[in-house]
Amino acid sequence: MPFSVRPSRLRALLSLSVTAGLAAALVSFGAAPAGADPGFYEPPSPLPPGSNGDVLKTLPSKFTGAESTRVMYLSRDAANRAIPVTGTVLVPDKAWSGPGQRPIVAYAPFTAGMGDQCAPSKALAGEGGDFVSSFQSSFVTSLLDKGFAVAQTDYQGLGTPGEHTYVVREAEAHAVLDVLRAAQRLPGTGLSASSPVGVAGYSEGGGASASAVELAPSYAPELDLKGAYVGAAPADKAVLAKSLDGGMYVGFLGYSLIGLNAAYPEAGILDLANDAGKQLFDEARTTCTLDAVFKYMYKNSSQLTKDGRPVSAYLEQEPFRGIVSANRIGNLKPAAPVLVEHTPNDDVIPSSIGKQLGKDWCAKGANVRFQDIPSFSPVFSHVLGISGAQGNAANWLAERFAGKQAAGNCGQF
């Protein structure tokens, strides 16, 4: 293999590579834990009737520089069934100095893990997550510093009962759009149904942001969506099934299969696994990001299936081909302008995926700008790209909320 290092050495390398960025991130990681209420993440049963985005319950939280409230709200899964989703609404202490009402940005988190302890709303309050979770708070802080309110979703099944539907297009889009509705309906925040909104996310969050801006015209047409930032989006799962397999981040392929199986149980995706594969899936369901990376790195999916074929081979046949097609992003035209970014030497999600997403949207007549995120290291380039992405997202959205025309560059990338 071209790059092989002991997990212990990789941990050291990662720590050295991001120490400077983490120093700033950890400052904003929240004050002392807010005193977790384990009952908060248990939804009422049965779910009460209501509209998408209705707030079911709240819990005071803590985050430096903002009034922070955890929310549980109504949303919809990929089968259009009502589900509870949790998240956080943060209103910065600083006054809004821009035109009109204070805007709200839906922050779509990047991969936090599959276990309930990994829920980003817990990590933002200093109650869960892992080493990588500090980057979530850093991204949120970059948005708060612009004076934006932030509405962060945990997605389906993170914190709340059931499996996290990892990278499932419709489920994640609904969760992102509905947390904006929840923020607008949360009393005592100064936010309202007429507050302008934006969307931002990187990696898994980039896919969720992209899915949300695609589905907003049909799912949430009342939202005054000014723009979306899409960083390193996993838009084409068929490509990722090959590029992740056998590599350092193969754990994310396992996450994808667990998420797709949760959304499409009738396909029996996990029934194709052998005993070793079933054990991996059972373990991965409880992990956070770093645990999955170091535990499963360099595994080949062909060693985990009953007939010895890799996952990518199954995706060429039904019903899996149809599932992958249904979760490909880029088939719908965003009505709002979009900034798509990707690190050219991304070591997790090939940059060709992000560029193709931009081209697909351009072909449909959308207002799209594609840019590279500068990278200074071929190792951990995906993770290190977050530091550039968070500032670019905040600055670009600030221009949209200020009423500045978005300049696309379709046909130039």
# chains A, B, ... in the order shown; residues from 1 in each chain; ligands from 1
>>> closest_atom_pairs(of="region 52-78 of chain A", to="region 176-180 of chain A", cutoff="7 Å", atoms="only C-alpha atoms", output="Markdown table")
| residue | atom | partner | partner_atom | distance |
| --- | --- | --- | --- | --- |
| A:Asn52 | CA | A:Asp178 | CA | 6.1 |
| A:Gly53 | CA | A:Asp178 | CA | 4.4 |
| A:Ser75 | CA | A:Asp178 | CA | 6.0 |
>>> residues_around(residues="region 229-244 of chain A", least_positions_apart="5", cutoff="7 Å", atoms="only C-alpha atoms", output="PyMOL selection string")
chain A and resi 199-204+206-207+209-210+249-250+253+311-312+315+324+328-329+338-342+349+353-354+357+389+393
>>> write_last_selection(atoms="C-alpha atoms", output="CSV table (one decimal), in the first residue's frame")
chain,number,residue,atom,x,y,z
A,199,VAL,CA,-27.1,26.5,4.8
A,200,ALA,CA,-23.5,25.4,5.4
A,201,GLY,CA,-21.7,22.1,5.8
A,202,TYR,CA,-18.5,20.2,5.1
A,203,SER,CA,-18.0,16.5,4.3
A,204,GLU,CA,-21.1,14.6,5.5
A,206,GLY,CA,-21.5,19.2,2.7
A,207,GLY,CA,-23.7,16.4,1.3
A,209,SER,CA,-26.2,21.0,2.7
A,210,ALA,CA,-26.2,20.1,-1.0
A,249,TYR,CA,-11.1,5.8,5.9
A,250,VAL,CA,-12.9,2.5,5.1
A,253,LEU,CA,-17.9,3.1,4.0
A,311,VAL,CA,-19.3,-3.6,-1.9
A,312,SER,CA,-18.8,-1.8,-5.2
A,315,LEU,CA,-23.9,-1.6,-6.2
A,324,VAL,CA,-27.4,4.6,-4.8
A,328,ARG,CA,-26.9,10.8,-5.7
A,329,ILE,CA,-26.8,14.6,-5.3
A,338,VAL,CA,-24.3,27.8,-4.1
A,339,LEU,CA,-20.6,27.9,-3.4
A,340,VAL,CA,-19.1,24.4,-3.9
A,341,GLU,CA,-15.5,23.9,-2.6
A,342,HIS,CA,-13.2,20.9,-2.4
A,349,ILE,CA,-13.7,12.3,-0.8
A,353,ILE,CA,-17.0,14.3,-7.0
A,354,GLY,CA,-17.3,17.9,-5.8
A,357,LEU,CA,-21.6,18.1,-8.5
A,389,ALA,CA,-13.9,25.9,4.6
A,393,ALA,CA,-18.5,29.7,4.2
>>> atom_distance(atom1="CA of Ser301 (chain A)", atom2="CA of Gly330 (chain A)")
27.1 Å
>>> select_by_dssp(residues="region 140-246 of chain A", states="helix (DSSP H, G or I)", output="ChimeraX atom specification")
/A:140-144,169-185,204-219,237-243
>>> write_last_selection(atoms="C-alpha atoms", output="short mmCIF file (atom, residue, chain, number, x, y, z; two decimals), in the first residue's frame")
data_model
loop_
_atom_site.label_atom_id
_atom_site.label_comp_id
_atom_site.auth_asym_id
_atom_site.auth_seq_id
_atom_site.Cartn_x
_atom_site.Cartn_y
_atom_site.Cartn_z
CA VAL A 140 -20.07 27.10 14.43
CA THR A 141 -17.97 29.88 15.96
CA SER A 142 -16.95 31.15 12.52
CA LEU A 143 -20.66 31.63 11.72
CA LEU A 144 -21.53 33.18 15.09
CA ARG A 169 -30.00 12.32 0.92
CA GLU A 170 -33.63 13.02 1.79
CA ALA A 171 -33.39 12.27 5.51
CA GLU A 172 -30.45 14.62 5.95
CA ALA A 173 -31.98 17.35 3.77
CA HIS A 174 -35.18 17.25 5.80
CA ALA A 175 -33.30 17.42 9.10
CA VAL A 176 -31.34 20.48 7.92
CA LEU A 177 -34.35 22.37 6.56
CA ASP A 178 -36.53 21.53 9.55
CA VAL A 179 -33.97 22.76 12.10
CA LEU A 180 -34.23 26.15 10.38
CA ARG A 181 -37.98 26.03 10.86
CA ALA A 182 -37.47 25.03 14.50
CA ALA A 183 -35.12 27.99 15.05
CA GLN A 184 -37.66 30.38 13.53
CA ARG A 185 -40.36 29.04 15.87
CA GLU A 204 -21.10 14.62 5.48
CA GLY A 205 -22.40 18.11 6.19
CA GLY A 206 -21.50 19.20 2.67
CA GLY A 207 -23.69 16.42 1.32
CA ALA A 208 -26.49 17.37 3.70
CA SER A 209 -26.18 21.05 2.74
CA ALA A 210 -26.22 20.14 -0.95
CA SER A 211 -29.24 17.90 -0.47
CA ALA A 212 -31.04 20.63 1.47
CA VAL A 213 -30.53 23.34 -1.16
CA GLU A 214 -31.77 20.91 -3.83
CA LEU A 215 -34.91 19.98 -1.93
CA ALA A 216 -35.71 23.38 -0.43
CA PRO A 217 -37.95 24.54 -3.33
CA SER A 218 -40.26 21.54 -2.89
CA TYR A 219 -39.87 20.68 0.81
CA LYS A 237 -21.77 7.05 -3.33
CA ALA A 238 -20.87 4.74 -6.23
CA VAL A 239 -17.50 6.45 -6.61
CA LEU A 240 -16.89 6.42 -2.85
CA ALA A 241 -17.61 2.69 -2.61
CA LYS A 242 -14.45 2.16 -4.65
CA SER A 243 -12.26 5.00 -3.40
#
>>> residues_around(residues="region 146-158 of chain A", least_positions_apart="3", cutoff="8 Å", atoms="only C-alpha atoms", output="VMD selection string")
chain A and resid 77 83 to 92 94 to 97 102 to 109 114 to 121 140 142 to 143 161 to 165 171 to 172 175 to 176 179 to 180 183 394 398
>>> atom_distance(atom1="CA of Ser387 (chain A)", atom2="CA of Pro350 (chain A)")
18.2 Å
>>> residues_around(residues="Asp93 (chain A)", least_positions_apart="5", cutoff="8 Å", atoms="only C-alpha atoms", output="MDAnalysis selection string")
chainID A and resid 65:67
>>> closest_residue(among="A:Phe110, A:Phe63, A:Tyr73, A:Tyr264", to="Tyr41 (chain A)", atoms="only C-alpha atoms")
A:Tyr73
>>> closest_residue(among="A:Tyr298, A:Pro49, A:Gln101, A:Ile373", to="Leu191 (chain A)", atoms="only C-alpha atoms")
A:Gln101
>>> closest_residue(among="A:Asp54, A:Asn331, A:Pro378, A:Ser351", to="Ala363 (chain A)", atoms="only C-alpha atoms")
A:Asn331
>>> closest_residue(among="A:Asp282, A:Lys333, A:Val132, A:Ser68", to="Thr189 (chain A)", atoms="only C-alpha atoms")
A:Ser68
>>> closest_residue(among="A:Ala263, A:Met72, A:Ala406, A:Ala292", to="Tyr166 (chain A)", atoms="only C-alpha atoms")
A:Ala263
